[in-house]
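Raw contents of model-v2.cif, mmCIF, C-alpha atoms:
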```
data_protein
#
loop_
_atom_site.label_atom_id
_atom_site.label_comp_id
_atom_site.auth_asym_id
_atom_site.auth_seq_id
_atom_site.Cartn_x
_atom_site.Cartn_y
_atom_site.Cartn_z
CA MET A 1 20.72 -2.02 0.49
CA ALA A 2 18.88 -2.49 -2.79
CA GLY A 3 15.21 -1.76 -2.35
CA PHE A 4 12.44 -0.58 -4.65
CA CYS A 5 9.50 1.79 -4.84
CA ILE A 6 6.53 1.12 -7.12
CA GLN A 7 3.94 3.88 -7.45
CA PHE A 8 0.58 2.66 -8.66
CA HIS A 9 -3.17 3.16 -8.65
CA ALA A 10 -5.48 0.31 -7.62
CA THR A 11 -8.89 0.10 -6.03
CA HIS A 12 -9.15 -0.48 -2.28
CA GLU A 13 -10.43 -4.02 -2.91
CA GLU A 14 -7.57 -4.82 -5.32
CA ILE A 15 -4.93 -3.59 -2.87
CA LEU A 16 -6.38 -5.44 0.11
CA GLY A 17 -6.75 -8.62 -1.97
CA LEU A 18 -3.06 -8.57 -2.87
CA ALA A 19 -2.03 -7.71 0.68
CA GLU A 20 -4.10 -10.51 2.18
CA SER A 21 -2.76 -13.08 -0.29
CA TRP A 22 0.85 -12.06 0.45
CA ALA A 23 0.39 -12.20 4.21
CA LEU A 24 -1.36 -15.56 4.16
CA ALA A 25 0.95 -17.23 1.64
CA HIS A 26 4.09 -16.24 3.53
CA ASN A 27 2.81 -16.24 7.13
CA LEU A 28 3.89 -12.62 7.58
CA TYR A 29 3.53 -10.29 10.50
CA VAL A 30 1.24 -7.41 9.54
CA VAL A 31 1.15 -3.99 11.16
CA GLU A 32 -1.57 -1.42 10.51
CA ASN A 33 -0.42 2.18 10.46
CA THR A 34 -3.32 4.57 11.05
CA TYR A 35 -3.39 8.30 10.57
CA PRO A 36 -4.42 10.73 12.01
CA PRO A 37 -3.07 10.36 14.65
CA TRP A 38 -0.04 8.31 13.65
CA ARG A 39 0.07 4.96 15.42
CA VAL A 40 0.83 1.33 14.65
CA VAL A 41 -0.90 -1.84 15.84
CA MET A 42 -0.35 -5.50 15.07
CA THR A 43 -3.07 -7.17 13.03
CA ASN A 44 -3.41 -10.45 11.21
CA ALA A 45 -3.89 -11.42 7.60
CA SER A 46 -7.55 -12.32 8.03
CA GLY A 47 -8.32 -8.76 9.18
CA ILE A 48 -6.89 -7.09 6.08
CA ARG A 49 -10.00 -7.26 3.89
CA THR A 50 -12.18 -5.65 6.57
CA MET A 51 -10.10 -2.46 6.82
CA PRO A 52 -12.02 0.73 6.12
CA ASN A 53 -11.34 2.65 2.95
CA PRO A 54 -8.71 5.37 3.55
CA GLY A 55 -11.26 7.85 2.18
CA SER A 56 -13.42 7.25 5.24
CA PRO A 57 -13.66 9.97 7.90
CA GLY A 58 -11.58 9.65 11.04
CA PRO A 59 -8.47 7.57 11.60
CA TYR A 60 -7.87 5.11 8.81
CA VAL A 61 -5.24 2.55 7.82
CA ARG A 62 -2.77 4.50 5.71
CA TRP A 63 -0.05 1.85 5.47
CA LEU A 64 0.24 -1.87 5.87
CA ILE A 65 3.68 -2.89 7.04
CA PHE A 66 4.85 -6.46 6.44
CA SER A 67 7.65 -8.27 8.22
CA GLU A 68 9.02 -11.80 8.08
CA SER A 69 10.12 -11.54 11.70
CA LYS A 70 8.24 -10.15 14.66
CA PRO A 71 8.38 -6.33 14.43
CA ASP A 72 9.68 -4.18 17.25
CA MET A 73 6.48 -2.60 18.58
CA SER A 74 8.12 -0.69 21.44
CA VAL A 75 7.45 2.57 19.61
CA THR A 76 3.90 2.86 18.34
CA ASP A 77 3.40 6.61 17.99
CA ARG A 78 6.53 7.99 16.27
CA GLN A 79 6.95 7.04 12.62
CA GLY A 80 10.67 7.66 12.19
CA GLU A 81 11.59 5.70 15.28
CA PHE A 82 9.31 2.80 14.36
CA CYS A 83 10.86 2.64 10.88
CA ASP A 84 14.40 2.79 12.30
CA ARG A 85 13.65 -0.16 14.59
CA ASN A 86 12.16 -2.21 11.74
CA PRO A 87 14.46 -1.64 8.73
CA SER A 88 13.69 -4.90 6.88
CA ARG A 89 9.97 -4.20 6.51
CA LEU A 90 7.88 -3.88 3.35
CA ASP A 91 5.59 -0.83 3.26
CA LEU A 92 2.31 -0.70 1.36
CA GLN A 93 0.97 2.84 1.35
CA ILE A 94 -2.75 2.74 0.54
CA GLY A 95 -4.05 5.63 -1.51
CA ARG A 96 -7.32 7.25 -0.48
CA MET A 97 -10.39 6.53 -2.57
CA THR A 98 -13.47 8.74 -2.45
CA GLU A 99 -16.58 8.82 -4.62
CA GLY A 100 -14.84 10.92 -7.25
CA ASP A 101 -11.09 10.50 -6.67
CA ILE A 102 -8.51 7.78 -6.31
CA TYR A 103 -5.06 8.63 -5.00
CA GLU A 104 -1.76 6.95 -5.67
CA SER A 105 -0.49 3.99 -3.65
CA CYS A 106 3.06 2.78 -3.20
CA LEU A 107 4.85 -0.48 -2.45
CA SER A 108 8.37 0.05 -1.13
CA THR A 109 11.27 -1.35 0.85
CA LEU A 110 14.86 -0.39 1.55
CA VAL A 111 16.24 -3.93 1.60
CA ASP A 112 17.16 -6.64 -0.87
CA ASN A 113 14.68 -9.38 0.01
CA SER A 114 13.54 -12.19 -2.29
CA THR A 115 10.01 -12.31 -0.80
CA TRP A 116 9.52 -8.57 -1.23
CA LYS A 117 10.84 -8.82 -4.81
CA SER A 118 8.30 -11.56 -5.55
CA PHE A 119 5.51 -9.25 -4.31
CA ALA A 120 6.83 -6.47 -6.55
CA LYS A 121 6.72 -8.85 -9.50
CA GLN A 122 3.13 -9.85 -8.66
CA LEU A 123 2.15 -6.18 -8.46
CA ARG A 124 3.78 -5.43 -11.81
CA ASN A 125 1.93 -8.39 -13.36
CA ALA A 126 -1.39 -7.11 -11.96
CA THR A 127 -0.86 -3.60 -13.38
CA VAL A 128 0.03 -1.89 -16.65
CA LYS A 129 2.49 0.91 -17.28
CA GLY A 130 1.06 4.33 -16.56
CA VAL A 131 1.42 7.82 -17.92
CA TYR A 132 4.81 8.65 -16.46
CA PRO A 133 7.94 6.56 -15.85
CA GLY A 134 7.61 4.17 -12.94
CA HIS A 135 3.83 4.58 -12.57
CA ARG A 136 1.39 1.70 -12.95
CA TYR A 137 -2.37 1.11 -12.64
CA THR A 138 -4.89 -1.73 -12.57
CA GLN A 139 -7.79 -2.51 -14.89
CA GLY A 140 -10.14 -1.61 -12.03
CA VAL A 141 -8.75 1.92 -11.94
CA GLU A 142 -8.86 2.19 -15.72
CA SER A 143 -12.55 1.26 -15.62
CA LEU A 144 -13.27 3.85 -12.90
CA ALA A 145 -11.36 6.54 -14.82
CA ARG A 146 -13.47 5.87 -17.93
CA ARG A 147 -16.58 6.50 -15.80
CA GLY A 148 -15.24 9.86 -14.55
CA MET A 149 -13.15 9.00 -11.46
CA ARG A 150 -10.19 11.36 -11.15
CA VAL A 151 -6.82 9.58 -10.88
CA LEU A 152 -4.55 11.67 -8.62
CA THR A 153 -0.91 11.58 -7.52
CA PHE A 154 0.08 11.80 -3.85
CA THR A 155 0.13 15.58 -4.24
CA GLY A 156 -3.26 15.81 -5.94
CA VAL A 157 -2.12 16.28 -9.55
CA GLU A 158 -4.62 14.67 -11.92
CA LEU A 159 -3.32 12.00 -14.29
CA HIS A 160 -5.02 11.08 -17.55
CA LEU A 161 -4.71 7.40 -18.34
CA PRO A 162 -3.96 6.35 -21.93
#
```
Before we go any further, please render this structure as structure tokens.
Amino acid sequence: MAGFCIQFHATHEEILGLAESWALAHNLYVVENTYPPWRVVMTNASGIRTMPNPGSPGPYVRWLIFSESKPDMSVTDRQGEFCDRNPSRLDLQIGRMTEGDIYESCLSTLVDNSTWKSFAKQLRNATVKGVYPGHRYTQGVESLARRGMRVLTFTGVELHLP
């Protein structure tokens, strides 16, 4: 298997815009993964833009999971088992965004898939290289950082954009 993992920062609107365009253009199955508690539910492309910001209180959509074939939804409350049953998926982890902070997001897959590779290329074209190898960010995030928004890794380490 030859997959990829792209770590990046983008605004909630930018991420959902890309996700919606991918799902609609390729007629993909879309699964929302909320946390806490961990659970997955089928959704559709037209519902993507209405998802609450992951910085909102309560359960929120933490990942969008894309599939070209109907996903196995027999396990909806155990992450490892769900992932094992759906190995050809594309995962879009959505970073939290609060009034003062924006956390890292990630687009990843474990498989060699031409559609997923095309999405990775679109993401790379919509972002610029970041402050450490493999990291990228959008113009929207750069603008927010200039106005004082903290740009944070998954673990909460602050990054300073060039």
>> What's around range 2-11 of chain A at 10 Å? Count all atoms listed in the file, leave out sequence neighbours fewer than 2 positions away in its own chain, and write the answer as number ranges by chain.
In response: A: 13-17, 53, 88, 90-97, 102-113, 116-117, 120, 123-124, 126-130, 133-142, 144, 151-154
>> Rounded to one decimal, what separation in Å do you get between CA of Leu18 in chain A and CA of Gly100 in chain A?
In response: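 Separation of CA of Leu18 in chain A and CA of Gly100 in chain A: 23.2 Å.
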> How far is it from CA of Thr98 in chain A to CA of Trp22 in chain A, in Å with one decimal?
Replying inline: 25.4 Å
List the residues selected by the PyMOL selection byres ((chain A and resi 77) around 7) in the file shown, writing them as a PDB file with C-alpha atoms, keeping the file's coordinate frame.
```
ATOM      1  CA  TRP A  38      -0.040   8.310  13.650  1.00  0.00           C
ATOM      2  CA  ARG A  39       0.070   4.960  15.420  1.00  0.00           C
ATOM      3  CA  VAL A  40       0.830   1.330  14.650  1.00  0.00           C
ATOM      4  CA  VAL A  75       7.450   2.570  19.610  1.00  0.00           C
ATOM      5  CA  THR A  76       3.900   2.860  18.340  1.00  0.00           C
ATOM      6  CA  ARG A  78       6.530   7.990  16.270  1.00  0.00           C
ATOM      7  CA  GLN A  79       6.950   7.040  12.620  1.00  0.00           C
TER       8      GLN A  79
END
```
> For the file shown, what are the residues hit by the PyMOL selection byres ((chain A and resi 31) around 8), laid out as a list in words?
Replying inline: Tyr29, Val30, Glu32, Asn33, Val40, Val41, Met42, Thr43, Asn44, Leu64, Ile65 and Phe66 of chain A
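In this comparison, which uses all atoms listed in the file, the residue of A:Leu28, A:Ala19, A:Leu161, A:Met73 approaching Met51 in chain A most closely is A:Ala19.
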> In Å, how far is it from CA of Tyr35 in chain A to CA of Ser69 in chain A?
Replying inline: 24.0 Å
>> Here's the selection I'm unsure about, the PyMOL selection byres ((chain A and resi 45) around 6); applied to the file above, which residues does it give, as a PyMOL selection string?
In response: chain A and resi 20+23-24+44+46-48
